[in-house]
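Below is one structure, written out as structure tokens, with a few remarks after it.
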Amino acid sequence: MVEQIKTLLKKAPLVRAFLNSRLGRAMMYWPRVLRGRVALRTSDRSPHESFTRFFRNPTQLAALTGPTLDFLDPASLGRPLRIVVLACSNGAEPYTFASTIVNERSDIEFEMIAGDIKEELVEKCQQGIYTREEVYNHETLCDDFVSRTFDSEDGQSYQVRSNIMKHVEFLPLDALDANLVEKTGKADILLLQNVLFNVEPEMAQKMFVNMLSLLNEKAVVFLDGVDLHQRAKLTKRHGLQPLNYQVEKIHEEVRQIRKEGWPQLYWGIEPYWPHRKDALRRYATIYLHETRT
Ligand SMILES: C[S@@+](CC[C@H](N)C(=O)[O-])C[C@H]1O[C@@H](n2cnc3c(N)ncnc32)[C@H](O)[C@@H]1O
């Protein structure tokens with residue numbers, strides 16, 4: 001009944017205009033944001049969650065091959081670019097990033113160290129063999145990416161191509177390990193994605209601070225899958241600057257799978273709300289780090 005009344009009201013032109021106005025949208029947005037904050041405080045996190053995808057966020061990948069590499073200027077380094085991926089699950093994310101650089105920026109020399117706390121996942125990554133279901137687990141995956149990334153004779157088993165595998169080394173890695181840098185070395189690009197929101201906020205903060213110790217003087221951090229207010233607070237406190245590139249589009253790609261959970265579940269994510277003072281820092285997923293000398 002309530003739903004029917006709501007639908008009828010939405011059809012009335014004046015009501016529809018009001019709901020689409022800034023005030024109308026704010027009246028719907030803020031109470032749900034508050035409800036979302038309650039969910040973050042009260043719901044149990046899932047530290048063992050290892051859901052991942054190949055080619056999860058195409059616009060974030062465009063930011064990788066465009067402004068990220070422009071900022072780092074790999075040609076000026078005099079050594080291969082170093083990429084570190086923490087919490088890499090079954091390897092879909094590091095192989096996606098490696099494939100994108102190999103295929104779109106073949107001028108760039110790079111090496112990647114990737115790891116996860118679960119040793120069985122690290123072994124899977126090292127093999128680089130995936131089932132059709134593991135590769136095709138979402139609609140936006142494009143065939144072009146698949147053919148550039150895998151060899152498959154039967155369309156059932158997909159082996160990551162050797163020209164991509166040779167760039168990536170997989171190790172068991174604990175993002176909380178105080179000696180992490182001794183295992184990974186320093187990073188020009190660091191990925192810490194979709195793990196912080198799965199652990200309690202205090203532990204997420206520890207992981208974030210530990211990750212900072214891996215960064216070279218000039219570095220770029222990919223940081224999706226973290227409570228938005230915590231991301232805004234921590235990146236500001238530690239002097240990371242949000243990359244102002246397609247922030248809304250990337251946010252909407254992230255929301256494709258996470259909007260279902262908002263505001264009632266911790267992994268849900270709110271719609272982009274540009275009127276917030278901290279909108280850029282809150283919704284960005286890529287941050288620039290530069291130590292001033
Ligand atoms: C949801 S997956 C994210 C995979 C990938 N980063 C992505 O965005 O698609 C989260 C991963 O974090 C790993 N993880 C949890 N705690 C960790 C820790 N302390 N150190 C390293 N990995 C951890 C889990 O084993 C899981 O594979």
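Ordered as shown in the structure tokens, chains take letters A, B, and onward, while each chain numbers its residues from 1 and ligands are numbered from 1 in the order shown.
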*Expected selection as a VMD selection string for ligand 1 within 10 Å, only C-alpha atoms and all ligand atoms*: chain A and resid 46 to 57 85 to 94 96 114 to 122 172 to 177 191 to 199 203 to 204 206 to 207 222 to 225
Keeping C-alpha atoms for every residue in the selection just given, could you write it to a file as a short mmCIF file (atom, residue, chain, number, x, y, z; two decimals), in the first residue's frame?
data_model
loop_
_atom_site.label_atom_id
_atom_site.label_comp_id
_atom_site.auth_asym_id
_atom_site.auth_seq_id
_atom_site.Cartn_x
_atom_site.Cartn_y
_atom_site.Cartn_z
CA SER A 46 33.52 -10.44 6.70
CA PRO A 47 37.34 -10.61 6.85
CA HIS A 48 37.40 -13.90 4.90
CA GLU A 49 35.44 -12.52 1.95
CA SER A 50 37.49 -13.03 -1.23
CA PHE A 51 35.05 -11.98 -3.96
CA THR A 52 36.89 -10.50 -6.93
CA ARG A 53 36.55 -9.92 -10.65
CA PHE A 54 38.65 -9.54 -13.74
CA PHE A 55 38.26 -6.11 -15.35
CA ARG A 56 36.21 -4.95 -12.38
CA ASN A 57 36.37 -1.23 -13.08
CA VAL A 85 49.08 -5.45 -4.82
CA LEU A 86 47.90 -6.33 -1.30
CA ALA A 87 44.90 -8.58 -0.63
CA CYS A 88 44.88 -9.83 -4.23
CA SER A 89 42.46 -12.75 -3.71
CA ASN A 90 42.62 -15.22 -6.65
CA GLY A 91 44.73 -12.88 -8.81
CA ALA A 92 41.99 -11.35 -10.96
CA GLU A 93 42.97 -7.83 -9.94
CA PRO A 94 46.77 -8.00 -10.40
CA THR A 96 43.89 -7.27 -14.89
CA ALA A 114 51.07 -9.36 -5.36
CA GLY A 115 49.91 -11.30 -2.34
CA ASP A 116 47.12 -12.38 -0.09
CA ILE A 117 46.98 -13.64 3.46
CA LYS A 118 45.45 -16.94 2.28
CA GLU A 119 48.12 -19.29 0.97
CA GLU A 120 45.67 -21.35 -1.10
CA LEU A 121 44.72 -18.22 -3.03
CA VAL A 122 48.38 -17.39 -3.60
CA PRO A 172 51.77 -14.92 0.87
CA LEU A 173 51.47 -11.41 2.33
CA ASP A 174 49.78 -10.09 5.44
CA ALA A 175 48.87 -6.43 5.01
CA LEU A 176 49.37 -6.01 8.77
CA ASP A 177 52.90 -7.44 8.77
CA LEU A 191 46.66 -1.46 -4.71
CA LEU A 192 44.78 -1.95 -1.44
CA GLN A 193 41.28 -2.55 -2.71
CA ASN A 194 38.15 -4.14 -1.31
CA VAL A 195 39.75 -5.36 1.88
CA LEU A 196 39.55 -2.48 4.37
CA PHE A 197 35.75 -2.47 4.51
CA ASN A 198 35.77 -6.20 5.28
CA VAL A 199 37.68 -5.76 8.55
CA MET A 203 42.24 -2.94 11.84
CA ALA A 204 41.51 -1.11 8.56
CA LYS A 206 46.33 -0.23 10.88
CA MET A 207 46.45 -1.74 7.38
CA PHE A 222 44.38 2.62 -5.59
CA LEU A 223 42.02 2.46 -2.64
CA ASP A 224 38.52 1.21 -3.31
CA GLY A 225 36.34 -0.83 -0.92
#
- Message: For A:Gln205, find every residue with an atom within 9 Å (counting only C-alpha atoms), except residues of its own chain fewer than 3 positions away, and show them as a PyMOL selection string.
- Response: chain A and resi 196+200-202+208-210+230+234
Restricting the output to N, CA, C and O atoms, write the selected residues as a CSV table (one decimal), in the first residue's frame.
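Wrote it out as out_12.csv, contents follow:
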chain,number,residue,atom,x,y,z
A,196,LEU,N,39.7,-3.2,3.1
A,196,LEU,CA,39.6,-2.5,4.4
A,196,LEU,C,38.1,-2.5,4.9
A,196,LEU,O,37.9,-2.6,6.1
A,200,GLU,N,37.3,-4.8,10.7
A,200,GLU,CA,36.9,-3.8,11.7
A,200,GLU,C,37.7,-2.5,11.4
A,200,GLU,O,38.9,-2.5,11.1
A,201,PRO,N,37.0,-1.3,11.7
A,201,PRO,CA,37.7,0.0,11.3
A,201,PRO,C,39.1,0.2,12.0
A,201,PRO,O,40.0,0.7,11.3
A,202,GLU,N,39.3,-0.3,13.2
A,202,GLU,CA,40.6,-0.1,13.8
A,202,GLU,C,41.7,-0.9,13.0
A,202,GLU,O,42.8,-0.5,12.8
A,208,PHE,N,46.0,0.5,6.6
A,208,PHE,CA,46.2,1.7,5.8
A,208,PHE,C,47.6,2.3,6.2
A,208,PHE,O,48.4,2.6,5.3
A,209,VAL,N,47.8,2.4,7.5
A,209,VAL,CA,49.1,3.1,7.9
A,209,VAL,C,50.3,2.2,7.5
A,209,VAL,O,51.3,2.7,7.1
A,210,ASN,N,50.1,0.9,7.7
A,210,ASN,CA,51.2,0.0,7.3
A,210,ASN,C,51.5,0.1,5.8
A,210,ASN,O,52.7,0.1,5.4
A,230,GLN,N,36.0,7.0,6.4
A,230,GLN,CA,37.3,6.6,6.9
A,230,GLN,C,38.4,6.9,5.8
A,230,GLN,O,39.5,7.4,6.1
A,234,LEU,N,41.5,9.3,6.5
A,234,LEU,CA,42.8,8.8,6.5
A,234,LEU,C,43.7,9.4,5.4
A,234,LEU,O,44.8,9.7,5.6
### Task
Assign secondary structure with DSSP using the backbone only, and return the residues of stretch 165-293 of chain A in strand (DSSP E) as a list in words.
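After running DSSP on the backbone, stretch 165-293 of chain A has strand (DSSP E) at Val168, Glu169, Phe170, Leu171, Pro172, Ala187, Asp188, Ile189, Leu190, Leu191, Leu192, Leu215, Asn216, Glu217, Lys218, Ala219, Val220, Val221, Phe222, Gln241, Pro242, Ile286, Tyr287, Leu288, His289 and Glu290 of chain A.
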Exercise. Find the distance between atom CA of A:Ala12 and atom CA of A:Met28 and write it in Å to one decimal.
Key: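 Taking atom CA of A:Ala12 as the start and atom CA of A:Met28 as the end point, the length is 17.5 Å.
One distance worth recording is that between atom CA of A:Ala284 and atom CA of A:Trp30, which is 19.8 Å.
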I want to know what sits within 12 Å of A:Leu77, based on only C-alpha atoms, with residues of the same chain fewer than 5 positions away left out; could you give that as number ranges by chain?
A: 69, 71-72, 82, 108-110, 188, 216-219
Now that the selection is made, can you save its residues with all heavy atoms as a short mmCIF file (atom, residue, chain, number, x, y, z; two decimals), in the first residue's frame?
data_model
loop_
_atom_site.label_atom_id
_atom_site.label_comp_id
_atom_site.auth_asym_id
_atom_site.auth_seq_id
_atom_site.Cartn_x
_atom_site.Cartn_y
_atom_site.Cartn_z
N LEU A 69 50.05 7.09 -14.84
CA LEU A 69 51.38 6.94 -15.43
C LEU A 69 51.95 8.31 -15.81
O LEU A 69 53.16 8.53 -15.72
CB LEU A 69 51.35 5.98 -16.61
CG LEU A 69 51.06 4.51 -16.19
CD1 LEU A 69 51.00 3.60 -17.41
CD2 LEU A 69 52.10 3.98 -15.20
N PHE A 71 51.56 11.00 -14.08
CA PHE A 71 52.07 11.55 -12.81
C PHE A 71 53.42 10.90 -12.44
O PHE A 71 54.35 11.58 -12.02
CB PHE A 71 51.03 11.30 -11.71
CG PHE A 71 51.50 11.62 -10.31
CD1 PHE A 71 51.60 12.94 -9.87
CD2 PHE A 71 51.82 10.60 -9.41
CE1 PHE A 71 52.02 13.24 -8.58
CE2 PHE A 71 52.24 10.90 -8.11
CZ PHE A 71 52.34 12.22 -7.70
N LEU A 72 53.51 9.58 -12.64
CA LEU A 72 54.72 8.88 -12.20
C LEU A 72 55.87 9.02 -13.20
O LEU A 72 57.03 8.85 -12.82
CB LEU A 72 54.41 7.39 -11.97
CG LEU A 72 53.49 7.11 -10.78
CD1 LEU A 72 53.05 5.65 -10.78
CD2 LEU A 72 54.17 7.46 -9.46
N ARG A 82 57.48 -0.15 -10.21
CA ARG A 82 57.18 -1.22 -9.24
C ARG A 82 55.74 -1.10 -8.76
O ARG A 82 55.31 -0.05 -8.26
CB ARG A 82 58.12 -1.16 -8.04
CG ARG A 82 59.59 -1.38 -8.43
CD ARG A 82 60.42 -1.91 -7.27
NE ARG A 82 60.22 -3.33 -7.04
CZ ARG A 82 59.54 -3.85 -6.04
NH1 ARG A 82 58.97 -3.10 -5.14
NH2 ARG A 82 59.41 -5.16 -5.93
N ILE A 108 56.15 0.59 -21.40
CA ILE A 108 56.51 0.68 -19.97
C ILE A 108 57.07 -0.63 -19.43
O ILE A 108 56.46 -1.69 -19.59
CB ILE A 108 55.27 1.12 -19.17
CG1 ILE A 108 55.01 2.54 -19.60
CG2 ILE A 108 55.50 1.00 -17.66
CD1 ILE A 108 54.11 3.30 -18.81
N GLU A 109 58.23 -0.53 -18.81
CA GLU A 109 58.80 -1.69 -18.12
C GLU A 109 58.26 -1.70 -16.69
O GLU A 109 58.34 -0.66 -16.01
CB GLU A 109 60.31 -1.54 -18.03
CG GLU A 109 61.07 -2.04 -19.23
CD GLU A 109 62.56 -1.98 -18.92
OE1 GLU A 109 63.02 -2.66 -17.99
OE2 GLU A 109 63.24 -1.21 -19.62
N PHE A 110 57.75 -2.83 -16.26
CA PHE A 110 57.24 -2.85 -14.88
C PHE A 110 57.36 -4.24 -14.28
O PHE A 110 57.47 -5.25 -15.00
CB PHE A 110 55.77 -2.40 -14.84
CG PHE A 110 54.78 -3.39 -15.40
CD1 PHE A 110 54.06 -4.25 -14.57
CD2 PHE A 110 54.58 -3.49 -16.77
CE1 PHE A 110 53.16 -5.16 -15.08
CE2 PHE A 110 53.67 -4.41 -17.30
CZ PHE A 110 52.96 -5.25 -16.46
N ASP A 188 55.75 2.06 -6.53
CA ASP A 188 55.35 3.30 -7.20
C ASP A 188 53.82 3.33 -7.33
O ASP A 188 53.21 4.39 -7.28
CB ASP A 188 55.96 3.36 -8.61
CG ASP A 188 57.47 3.25 -8.57
OD1 ASP A 188 58.09 4.05 -7.86
OD2 ASP A 188 58.02 2.33 -9.21
N ASN A 216 56.98 4.64 -2.39
CA ASN A 216 58.12 5.46 -2.78
C ASN A 216 57.78 6.93 -2.60
O ASN A 216 56.61 7.29 -2.40
CB ASN A 216 58.47 5.17 -4.25
CG ASN A 216 59.52 4.06 -4.35
OD1 ASN A 216 60.40 3.94 -3.50
ND2 ASN A 216 59.40 3.24 -5.38
N GLU A 217 58.80 7.80 -2.71
CA GLU A 217 58.56 9.22 -2.46
C GLU A 217 57.42 9.76 -3.32
O GLU A 217 56.63 10.58 -2.90
CB GLU A 217 59.84 10.01 -2.75
CG GLU A 217 60.83 9.88 -1.63
CD GLU A 217 62.09 10.69 -1.85
OE1 GLU A 217 62.14 11.49 -2.79
OE2 GLU A 217 63.02 10.47 -1.06
N LYS A 218 57.38 9.26 -4.56
CA LYS A 218 56.27 9.64 -5.44
C LYS A 218 55.53 8.35 -5.77
O LYS A 218 56.15 7.42 -6.31
CB LYS A 218 56.84 10.29 -6.70
CG LYS A 218 55.86 11.07 -7.50
CD LYS A 218 56.59 11.83 -8.60
CE LYS A 218 55.59 12.66 -9.39
NZ LYS A 218 56.23 13.30 -10.54
N ALA A 219 54.27 8.28 -5.45
CA ALA A 219 53.55 7.01 -5.63
C ALA A 219 52.06 7.28 -5.81
O ALA A 219 51.57 8.38 -5.52
CB ALA A 219 53.78 6.10 -4.42
#
Check your understanding: Could you work out how far atom CA of A:Glu169 lies from atom CA of A:Thr184, giving the answer in Å with one decimal?
Key ->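 Taking atom CA of A:Thr184 and atom CA of A:Glu169, their separation equals 9.8 Å.
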Report the closest atom pair, with its distance in Å rounded to one decimal, for each residue of stretch 67-170 of chain A that has an atom no farther than 12 Å from stretch 246-259 of chain A; count only C-alpha atoms, sort by chain and then rising residue number, and write it as a tab-separated table.
residue	atom	partner	partner_atom	distance
A:Pro67	CA	A:Gln246	CA	10.7
A:Asn137	CA	A:Ile257	CA	11.7
A:His138	CA	A:Ile257	CA	9.6
A:Glu139	CA	A:Gln256	CA	10.5
A:Thr140	CA	A:Glu253	CA	9.7
